[in-house]
Amino acid sequence: MGDIKNVIELKSVTKDYGDFKLDHVDFAVPEGCVCGFIGQNGAGKTTTIQLILDAINRDNGEIYLFGKSIDEDSASLREDIGVVFDEMGFHDFLTAKQINIIMKNVYKNWNEEKYFDYLKRFSLPSKKACGTFSRGMRMKLQIAAALSHEAKLLIMDEPTSGLDPIVRNEMLQIFREYVVEEDHTMLLSSHITGDLEKLADEVIFIDGGRIVLKGNKDEILEKHGVLRCKKDELENISESLFVSAEISSLGAEVLINDRKAAEKLYPGMVIDPAGLEEIMIYYVNRAKGYKVSER
Amino acid sequence: MRGLLIKDFFCLKKQLTNYVFIIVGVIVISILYVLSYNFGNIHAGMIEMVDSGQGTAADVTQLASVALLFSMLIPIACTGDITNVITADENASFYKVAAALPVSIGKRVACRFITGYLFIAIGVAVDFIMTIVLSALTNIISFGKFCGVIVSFASIMLMYVSLFILFVYLLEKGSNIYANLILLLMGILIYAVANFDKLKAFLLGSDDNALSVLYNQATEFMFHKSYILFIAAIIVSGGTYFAAVYIAGRKRGVA
């Protein structure tokens, strides 16, 4: 088996805005994988994406796309990247047909046929101003544009937020189809962990500008668990397993980072599997300094 | 880069009605002017002025030429189009999309300048056609002198657009109106400082001819020395382009 190629690689990337700092962010997204980029609003997801796209200057660190530093020629590297933002970004008066004319004069590999196929599939009118589109239609238009230039990497910033469950499901299906191709990679930023649970191979948790957890999604889900116990039993939980805890009048819930070890150590206690959302919440609490918080 | 230029012209399409209105308006007024100059009130007024000894034929012709300057509204209107395009981009948050496209910052900035210059070129082209027609149908101004006026106005507009684009990159997003205001104030200030004595005389009413002298100076400059403005426009365009690329590179995230 050949070496795994990283499509995105960030090495100790820092960006300081004064009131917010992206602090020594390190991660890599291997080729062919779907990477979920999880974090609450304001955690630093969009800033990281902007840095990857070389849309903003970084203060420190290195960023590589397809193995090449973005300092070399970020514009030509973006030829292979499709981007979907949380907001459309196209002018309200433009029609899908006009967007096609613009894009075919921007991208070398623009595939007009594919674009119109997507429009048809998404039931998007080509001659209607996109300002009249619903949020779901706008997102679909962005996706059509992002997928029509043979992009090898798809970067999406909160593409499913604010969408109804049916449209969200439709979009997740499109993303699944996209990643069927081996060399297609996806970085999907979202705070909707349910979507990422369905789609992601790898997950990266970011909070307050720092990466708090990263790794294979299945391994993370497999390893973490929510241990339920009485409040006075909290102090018996091993520090090395303990991520953070929430206490209420009913007892305590502790996120532990090694379920199997915890099951051996505390055979009498209930340990349930944890979802990505729970994992995110507990890690965020810990990052904020609340090892034990009240619910 | 071509795609971004096409996008700018799609933005202009929305302004097409205003654009057509100004061009048609100027053409209609010009036709009326030519008719009046040859057969109507301007013709009668000119004869009366000369007959009553209020002015020489040359004075009258010079006065009549003032009316032709309104055709310069076209390049001025075209200058406003770049403001509309930039505002439309900001309203749509197009800068996010632009930053994700395979187009370098230098090319994105160049695109802004090219769009601005193309709009001016369209206005100048329309003016040029009008110049040929008006100078053929009236004798108030020669073709060469009118070309001087067009070159002067086009050069001023080139400098204005170049500096406006530079200010757009320099200031925060949504500051287009301030960029325009700063430039207008700068222009007024430079003119006022350069002609301080005559303007003061005019405002204080100490010299009845002050305004006429200022006008004559300006037209004489445009008729015979428009090349100076043109050279200045080239220098300002080049300088502002490189400065804008530098600023845009430092302040990424600008359209």
# chains A, B, ... in the order shown; residues from 1 in each chain; ligands from 1
>>> residues_around(residues="Lys251 in chain B", least_positions_apart="4", cutoff="8 Å", atoms="only C-alpha atoms", output="list in words")
Ile56 and Asn57 of chain A; Tyr169 and Ile247 of chain B
>>> write_last_selection(atoms="C-alpha atoms", output="PDB file, in the first residue's frame")
ATOM      1  CA  ILE A  56      -6.708  35.806   4.972  1.00  0.00           C
ATOM      2  CA  ASN A  57      -3.101  36.099   6.092  1.00  0.00           C
TER       3      ASN A  57
ATOM      4  CA  TYR B 169      -8.935  48.525  -0.649  1.00  0.00           C
ATOM      5  CA  ILE B 247      -2.829  46.625   0.264  1.00  0.00           C
TER       6      ILE B 247
END
>>> residues_around(residues="Leu183 in chain B", least_positions_apart="6", cutoff="9 Å", atoms="only C-alpha atoms", output="list in words")
Tyr160, Leu163, Phe164 and Phe167 of chain B
>>> write_last_selection(atoms="C-alpha atoms", output="JSON list (two decimals), in the first residue's frame")
[["chain", "number", "residue", "atom", "x", "y", "z"],
["B", 160, "TYR", "CA", -10.61, 59.39, -10.00],
["B", 163, "LEU", "CA", -7.78, 56.50, -6.59],
["B", 164, "PHE", "CA", -11.31, 55.35, -5.74],
["B", 167, "PHE", "CA", -9.38, 53.82, -1.31]]
>>> closest_atom_pairs(of="chain B", to="chain A", cutoff="10 Å", atoms="only C-alpha atoms", output="tab-separated table")
residue	atom	partner	partner_atom	distance
B:Met1	CA	A:Val106	CA	6.3
B:Arg2	CA	A:Asn105	CA	5.7
B:Gly3	CA	A:Asn105	CA	4.4
B:Leu4	CA	A:Ile102	CA	6.7
B:Leu5	CA	A:Ile102	CA	8.4
B:Ile6	CA	A:Ile102	CA	6.1
B:Lys7	CA	A:Ile102	CA	6.0
B:Asp8	CA	A:Ile102	CA	9.7
B:Phe10	CA	A:Leu94	CA	7.5
B:Cys11	CA	A:Phe93	CA	8.1
B:Lys13	CA	A:Phe93	CA	9.7
B:Lys14	CA	A:Phe93	CA	8.0
B:Ala88	CA	A:His91	CA	7.1
B:Asp89	CA	A:His91	CA	7.0
B:Glu90	CA	A:His91	CA	9.3
B:Asn91	CA	A:His91	CA	7.8
B:Ala92	CA	A:His91	CA	5.0
B:Ser93	CA	A:Gly89	CA	5.1
B:Phe94	CA	A:Gly89	CA	4.7
B:Tyr95	CA	A:Gly89	CA	7.7
B:Lys96	CA	A:Gly89	CA	6.6
B:Val97	CA	A:Gly89	CA	5.9
B:Ala98	CA	A:Gly89	CA	8.9
B:Ala99	CA	A:Ala55	CA	5.3
B:Ala100	CA	A:Leu53	CA	6.1
B:Leu101	CA	A:Arg78	CA	6.2
B:Pro102	CA	A:Ala75	CA	4.3
B:Val103	CA	A:Ala75	CA	5.2
B:Ser104	CA	A:Ala75	CA	5.1
B:Ile105	CA	A:Ala75	CA	8.3
B:Gly249	CA	A:Asn57	CA	8.3
B:Arg250	CA	A:Asn57	CA	7.2
B:Lys251	CA	A:Ile56	CA	7.3
B:Arg252	CA	A:Ile56	CA	4.6
B:Gly253	CA	A:Ala55	CA	5.4
B:Val254	CA	A:Ala55	CA	8.6
>>> select_by_dssp(residues="range 72-280 of chain A", states="alpha helix (DSSP H)", output="PyMOL selection string")
chain A and resi 72-77+96-104+112-121+135-147+165-178+193-199+217-223+259-265+276-280
>>> select_by_dssp(residues="range 33-252 of chain A", states="strand (DSSP E)", output="count of residues only")
55
>>> residues_around(residues="Arg112 in chain B", least_positions_apart="6", cutoff="10 Å", atoms="only C-alpha atoms", output="list in words")
Leu4, Leu5, Asp8, Ile82, Val85, Ile86, Leu118, Val161, Ser162, Ile165, Tyr241 and Ala255 of chain B
>>> write_last_selection(atoms="C-alpha atoms", output="mmCIF file, in the first residue's frame")
data_model
loop_
_atom_site.group_PDB
_atom_site.id
_atom_site.type_symbol
_atom_site.label_atom_id
_atom_site.label_comp_id
_atom_site.auth_asym_id
_atom_site.auth_seq_id
_atom_site.Cartn_x
_atom_site.Cartn_y
_atom_site.Cartn_z
ATOM 1 C CA LEU B 4 -14.836 38.379 -13.024
ATOM 2 C CA LEU B 5 -15.030 40.997 -15.767
ATOM 3 C CA ASP B 8 -18.938 43.092 -13.408
ATOM 4 C CA ILE B 82 -17.537 51.113 -10.744
ATOM 5 C CA VAL B 85 -20.266 47.244 -9.071
ATOM 6 C CA ILE B 86 -18.203 47.357 -5.881
ATOM 7 C CA LEU B 118 -13.763 49.998 -19.608
ATOM 8 C CA VAL B 161 -11.428 55.718 -10.635
ATOM 9 C CA SER B 162 -7.862 54.613 -9.862
ATOM 10 C CA ILE B 165 -10.294 51.694 -6.166
ATOM 11 C CA TYR B 241 -2.597 49.610 -9.148
ATOM 12 C CA ALA B 255 -13.142 41.692 -3.099
#
>>> residues_around(residues="Tyr64 in chain A", least_positions_apart="5", cutoff="9 Å", atoms="only C-alpha atoms", output="VMD selection string")
chain A and resid 6 to 11 52 69 to 71
>>> residues_around(residues="Ala43 in chain A", least_positions_apart="5", cutoff="6 Å", atoms="only C-alpha atoms", output="list in words")
Asp207, Gly208 and Gly209 of chain A
>>> write_last_selection(atoms="N, CA and C atoms", output="tab-separated table (two decimals), in the first residue's frame")
chain	number	residue	atom	x	y	z
A	207	ASP	N	-12.32	24.42	19.48
A	207	ASP	CA	-13.02	25.30	20.42
A	207	ASP	C	-12.09	26.43	20.85
A	208	GLY	N	-12.62	27.63	20.83
A	208	GLY	CA	-11.82	28.80	21.23
A	208	GLY	C	-10.53	28.92	20.46
A	209	GLY	N	-10.55	28.50	19.20
A	209	GLY	CA	-9.37	28.62	18.36
A	209	GLY	C	-8.34	27.53	18.56
>>> atom_distance(atom1="CA of Ser123 in chain A", atom2="CA of Gly32 in chain A")
28.8 Å
>>> atom_distance(atom1="CA of Phe230 in chain B", atom2="CA of Val151 in chain B")
6.9 Å
>>> atom_distance(atom1="CA of Asp195 in chain A", atom2="CA of Thr48 in chain A")
20.0 Å
>>> residues_around(residues="range 196-201 of chain A", least_positions_apart="6", cutoff="8 Å", atoms="only C-alpha atoms", output="ChimeraX atom specification")
/A:33-36,172,176,188,190,216-218,276
>>> closest_residue(among="B:Ser206, B:Asn38, B:Thr240, B:Gln15", to="Asn139 in chain B", atoms="only C-alpha atoms")
B:Asn38
